[in-house]
Amino acid sequence: MCGIYGITDHDPVFIQNYITKCKHRGPDAQKVWWDPDYKMTLGHNLLSIMGNPKVAVQPWKTPKGNWLVYNGEIFNYYDLKQRFKNIGFAGITGCDTELLAWGLDTFGAKFVHEIDSMHAFAYYQPKKNKLILSRDHAGIKPLYYAEIKEGLVFGSEVRGLLDKVPNSHKLDKLSHSIWHYMSNNPLRNTFFNNIKKLLPGETLIYDTHHKKIKKYYREFIKPTNDYNYDPIEFKQVVNRSVKNCSIGDKKIGLFLSGGMDSTMISKELLDITGTVNSFTTRFVPDPNTREEDYNEDANMAKRLAEHFKFNHTEIPITPEIYASYWNQSVSSVEQIIRTPTLPANLYTNKVMKDHNIKVTIAGDLGDELMCGYPRHGKLLHDFSNKAMSWKDICKVLVTQQKPATKVNENIHSADDVLQEFIKQFPDTLYNEQDPLGSFCALECVTICPEDMLIRNDKFGMAYSMEGRYPLASKQFMKYCLSINSKQKISKKLKHMSRDAYKNVLPSYIINKGKTGWTAPMAYWIKQNPSLLNLYEQKMKHKMDPNMKITQKTGKWLAIDMMWATWFEAFKISNY
């Protein structure tokens, strides 16, 4: 992974400062380049995974004299290298940046349809006064931008934009409004006023002469109903996705939860590479409540790791660790995420780095693609009994959560938010023959990138590690979304993976029910001075001694603290 930065102006000092603020994204090399006609300044810092860092330094001059800065991996690199060698691609460096540069020169922006990748890139064509920004199909890699008096400014993290973009130290009203209704912000607006993000699958074309965004393109992976589920084919597709995501010669670490997604990935990774370095968190002390078994995943992962003889590492998460990594977790992720596990996420990445891991693999998107949540079973029933329009489906997603914490009473109405949501996520994803599949496809490009994928990118990059997601590959997404949802839900959720791996994985994994992963903050907070002090420091008041302790209480305590920490970390004023 890397960091990319740019401004449509001659400003190498700004770009160098931006690189410095994000040096964690690429410790292997850095470089600033500017257009001699002063129309563009580009910067890049490199985390070398695939090729020799000496031949992978960017900004990259393309064969036709254009310029590229790129953050990501092309997982079908070897297939494309073979495919295009007869029409001009030499493939000298072994670096996928070389392929991307050649492909953009040869095919233009539509080359993004050829690559199965996670990416954020900027491709500048000086002779055409054109800048192309692009984000991958699933939104794995973030890319932020803003229109300012100098033109367009962009980068891999928000922190470097704040002092360049006027009024960005204010909370954006639209992003706060949609977060209130769905506890997620999938819209183009970020929480920072006047700073936007490319949406998943989006490509932006910018005219550097007239300083104007000319158009947006979107690449959607749609539910199609083209295939019937076949267990042998399913397992083959998983294997190919894991194999593609294990390319390179760097040490790989796997987030092992003990659930179906990470477990089937772990078995394929073992078969492909011969070894698995697995990591799982354990909450200590365990509150041992009837409400939830906070360490069920840890227990399952440990049992599985012993069964397959993985190199397994358990990571104790104590209240002291949780409190000490709180500020950094909120600052690193740069937005509000509705989960109390952020410090545990961040610390897990830190431990993986300490074990010399360079590439992490996780099972994100599996639940959305294979109908793994209890809500999917309920929605299949509800959608089957009612004709669902695209607006109906969007409304279910936007309003499925109870209204979240408000930090300002002046928010947009639910109808206005829904109308804006539908503008940005049109009915291209809608298949009337499979309303639940349409809902799941929508989850993949809204909730997933702005929750699981963004925190894994930001927390991995905080320790200079690349995060990969086999189940978020184009190949796997297209396959799953080609199968009607009714085939994915049988007597149990996630029928496809359970059936395909029933003779491969232990029965205690196949028969395991769905469990969440959340920190027992509410149970710790009154027992541990470090957490109690953290709460009272952030919230500026004493904790109510009569507060009822529940899992739900802990989640909302964490979210309230997150907002307070975010305002403090980025010096944000309310709108």
# chains A, B, ... in the order shown; residues from 1 in each chain; ligands from 1

$ residues_around --residues "A:Asn129" --least-positions-apart "6" --cutoff "6 Å" --atoms "only C-alpha atoms" --output "mmCIF file with N, CA and C atoms, in the first residue's frame"
data_model
loop_
_atom_site.group_PDB
_atom_site.id
_atom_site.type_symbol
_atom_site.label_atom_id
_atom_site.label_comp_id
_atom_site.auth_asym_id
_atom_site.auth_seq_id
_atom_site.Cartn_x
_atom_site.Cartn_y
_atom_site.Cartn_z
ATOM 1 N N ASP A 207 -11.070 18.646 -15.523
ATOM 2 C CA ASP A 207 -10.461 19.525 -16.525
ATOM 3 C C ASP A 207 -9.531 20.491 -15.803
ATOM 4 N N THR A 208 -8.215 20.308 -15.944
ATOM 5 C CA THR A 208 -7.260 21.144 -15.205
ATOM 6 C C THR A 208 -7.162 22.557 -15.780
ATOM 7 N N HIS A 209 -7.577 22.743 -17.041
ATOM 8 C CA HIS A 209 -7.528 24.085 -17.645
ATOM 9 C C HIS A 209 -8.689 24.943 -17.148
#

$ residues_around --residues "A:Pro449" --least-positions-apart "3" --cutoff "7 Å" --atoms "only C-alpha atoms" --output "number ranges by chain"
A: 138-140, 445-446, 452-454

$ residues_around --residues "A:Thr341" --least-positions-apart "4" --cutoff "10 Å" --atoms "only C-alpha atoms" --output "list in words"
Tyr322, Trp326, Ser329, Ile337, Asn345, Leu346, Trp517, Thr518, Ala519, Pro520, Met521, Lys555 and Ala558 of chain A

$ select_by_dssp --residues "stretch 134-273 of chain A" --states "strand (DSSP E or B)" --output "ChimeraX atom specification"
/A:134-135,144-148,151-155,170-171,189,192,196-197,202-207,212-218,227,252-255

$ atom_distance --atom1 "atom CA of A:Pro529" --atom2 "atom CA of A:Asn327"
16.7 Å

$ residues_around --residues "A:Lys391" --least-positions-apart "4" --cutoff "9 Å" --atoms "only C-alpha atoms" --output "list in words"
Lys395, Val396, Leu418, Gln419, Ile422 and Asp427 of chain A

$ residues_around --residues "stretch 481-497 of chain A" --least-positions-apart "3" --cutoff "9 Å" --atoms "only C-alpha atoms" --output "number ranges by chain"
A: 221-231, 234-235, 260-261, 264, 366-367, 369-374, 376-377, 380, 433-438, 440-441, 476-478, 500-502, 510-511, 513-514

$ atom_distance --atom1 "atom CA of A:Pro59" --atom2 "atom CA of A:Ala120"
13.6 Å

$ atom_distance --atom1 "atom CA of A:Thr280" --atom2 "atom CA of A:Asn456"
14.6 Å

$ decode --residues "stretch 490-501 of chain A" --atoms "all heavy atoms" --output "short mmCIF file (atom, residue, chain, number, x, y, z; two decimals), in the first residue's frame"
data_model
loop_
_atom_site.label_atom_id
_atom_site.label_comp_id
_atom_site.auth_asym_id
_atom_site.auth_seq_id
_atom_site.Cartn_x
_atom_site.Cartn_y
_atom_site.Cartn_z
N SER A 490 -30.75 -21.36 3.58
CA SER A 490 -31.49 -22.61 3.70
C SER A 490 -31.99 -22.69 5.14
O SER A 490 -32.60 -21.74 5.63
CB SER A 490 -30.59 -23.79 3.34
OG SER A 490 -31.30 -25.00 3.40
N LYS A 491 -31.75 -23.80 5.81
CA LYS A 491 -32.13 -23.88 7.22
C LYS A 491 -31.28 -22.95 8.06
O LYS A 491 -31.67 -22.52 9.14
CB LYS A 491 -32.00 -25.32 7.72
CG LYS A 491 -32.99 -26.28 7.06
CD LYS A 491 -32.81 -27.69 7.61
CE LYS A 491 -33.80 -28.64 6.95
NZ LYS A 491 -33.64 -30.04 7.44
N LYS A 492 -30.06 -22.67 7.58
CA LYS A 492 -29.16 -21.76 8.27
C LYS A 492 -28.70 -20.69 7.31
O LYS A 492 -28.71 -20.87 6.09
CB LYS A 492 -27.94 -22.51 8.83
CG LYS A 492 -28.26 -23.43 10.00
CD LYS A 492 -26.98 -23.97 10.62
CE LYS A 492 -27.29 -24.80 11.85
NZ LYS A 492 -26.06 -25.30 12.50
N LEU A 493 -28.29 -19.57 7.87
CA LEU A 493 -27.70 -18.50 7.07
C LEU A 493 -26.39 -19.00 6.47
O LEU A 493 -25.77 -19.93 6.97
CB LEU A 493 -27.46 -17.27 7.93
CG LEU A 493 -28.70 -16.64 8.57
CD1 LEU A 493 -28.29 -15.58 9.59
CD2 LEU A 493 -29.61 -16.03 7.52
N LYS A 494 -25.97 -18.37 5.38
CA LYS A 494 -24.71 -18.72 4.73
C LYS A 494 -24.68 -20.19 4.29
O LYS A 494 -23.70 -20.90 4.51
CB LYS A 494 -23.53 -18.43 5.65
CG LYS A 494 -22.97 -17.05 5.48
CD LYS A 494 -21.74 -16.90 6.31
CE LYS A 494 -21.15 -15.54 6.02
NZ LYS A 494 -20.16 -15.18 7.01
N HIS A 495 -25.73 -20.60 3.66
CA HIS A 495 -25.83 -21.99 3.24
C HIS A 495 -24.68 -22.39 2.30
O HIS A 495 -24.14 -23.50 2.40
CB HIS A 495 -27.17 -22.22 2.54
CG HIS A 495 -27.24 -23.51 1.78
ND1 HIS A 495 -27.29 -24.74 2.40
CD2 HIS A 495 -27.25 -23.77 0.44
CE1 HIS A 495 -27.33 -25.69 1.51
NE2 HIS A 495 -27.30 -25.14 0.30
N MET A 496 -24.29 -21.50 1.40
CA MET A 496 -23.29 -21.87 0.38
C MET A 496 -21.96 -22.26 1.01
O MET A 496 -21.40 -23.31 0.69
CB MET A 496 -23.09 -20.71 -0.62
CG MET A 496 -24.32 -20.40 -1.44
SD MET A 496 -23.96 -19.34 -2.88
CE MET A 496 -23.23 -17.90 -2.10
N SER A 497 -21.43 -21.43 1.87
CA SER A 497 -20.12 -21.73 2.45
C SER A 497 -20.19 -22.92 3.41
O SER A 497 -19.28 -23.76 3.45
CB SER A 497 -19.55 -20.50 3.17
OG SER A 497 -20.46 -20.01 4.14
N ARG A 498 -21.27 -23.04 4.17
CA ARG A 498 -21.40 -24.17 5.08
C ARG A 498 -21.45 -25.50 4.31
O ARG A 498 -20.85 -26.50 4.71
CB ARG A 498 -22.67 -24.02 5.92
CG ARG A 498 -22.65 -22.86 6.90
CD ARG A 498 -23.93 -22.81 7.71
NE ARG A 498 -24.10 -21.56 8.41
CZ ARG A 498 -23.57 -21.28 9.60
NH1 ARG A 498 -22.83 -22.19 10.21
NH2 ARG A 498 -23.76 -20.11 10.18
N ASP A 499 -22.19 -25.47 3.19
CA ASP A 499 -22.34 -26.69 2.40
C ASP A 499 -21.05 -27.05 1.67
O ASP A 499 -20.62 -28.21 1.66
CB ASP A 499 -23.48 -26.49 1.40
CG ASP A 499 -23.70 -27.71 0.53
OD1 ASP A 499 -23.98 -28.79 1.07
OD2 ASP A 499 -23.59 -27.58 -0.71
N ALA A 500 -20.40 -26.05 1.08
CA ALA A 500 -19.18 -26.31 0.29
C ALA A 500 -18.04 -26.82 1.15
O ALA A 500 -17.18 -27.58 0.68
CB ALA A 500 -18.77 -25.05 -0.46
N TYR A 501 -18.00 -26.41 2.42
CA TYR A 501 -16.87 -26.76 3.29
C TYR A 501 -17.24 -27.77 4.38
O TYR A 501 -16.46 -27.99 5.31
CB TYR A 501 -16.29 -25.48 3.93
CG TYR A 501 -15.45 -24.69 2.96
CD1 TYR A 501 -16.04 -23.79 2.08
CD2 TYR A 501 -14.08 -24.86 2.89
CE1 TYR A 501 -15.28 -23.07 1.16
CE2 TYR A 501 -13.31 -24.15 2.00
CZ TYR A 501 -13.91 -23.26 1.13
OH TYR A 501 -13.14 -22.57 0.22
#
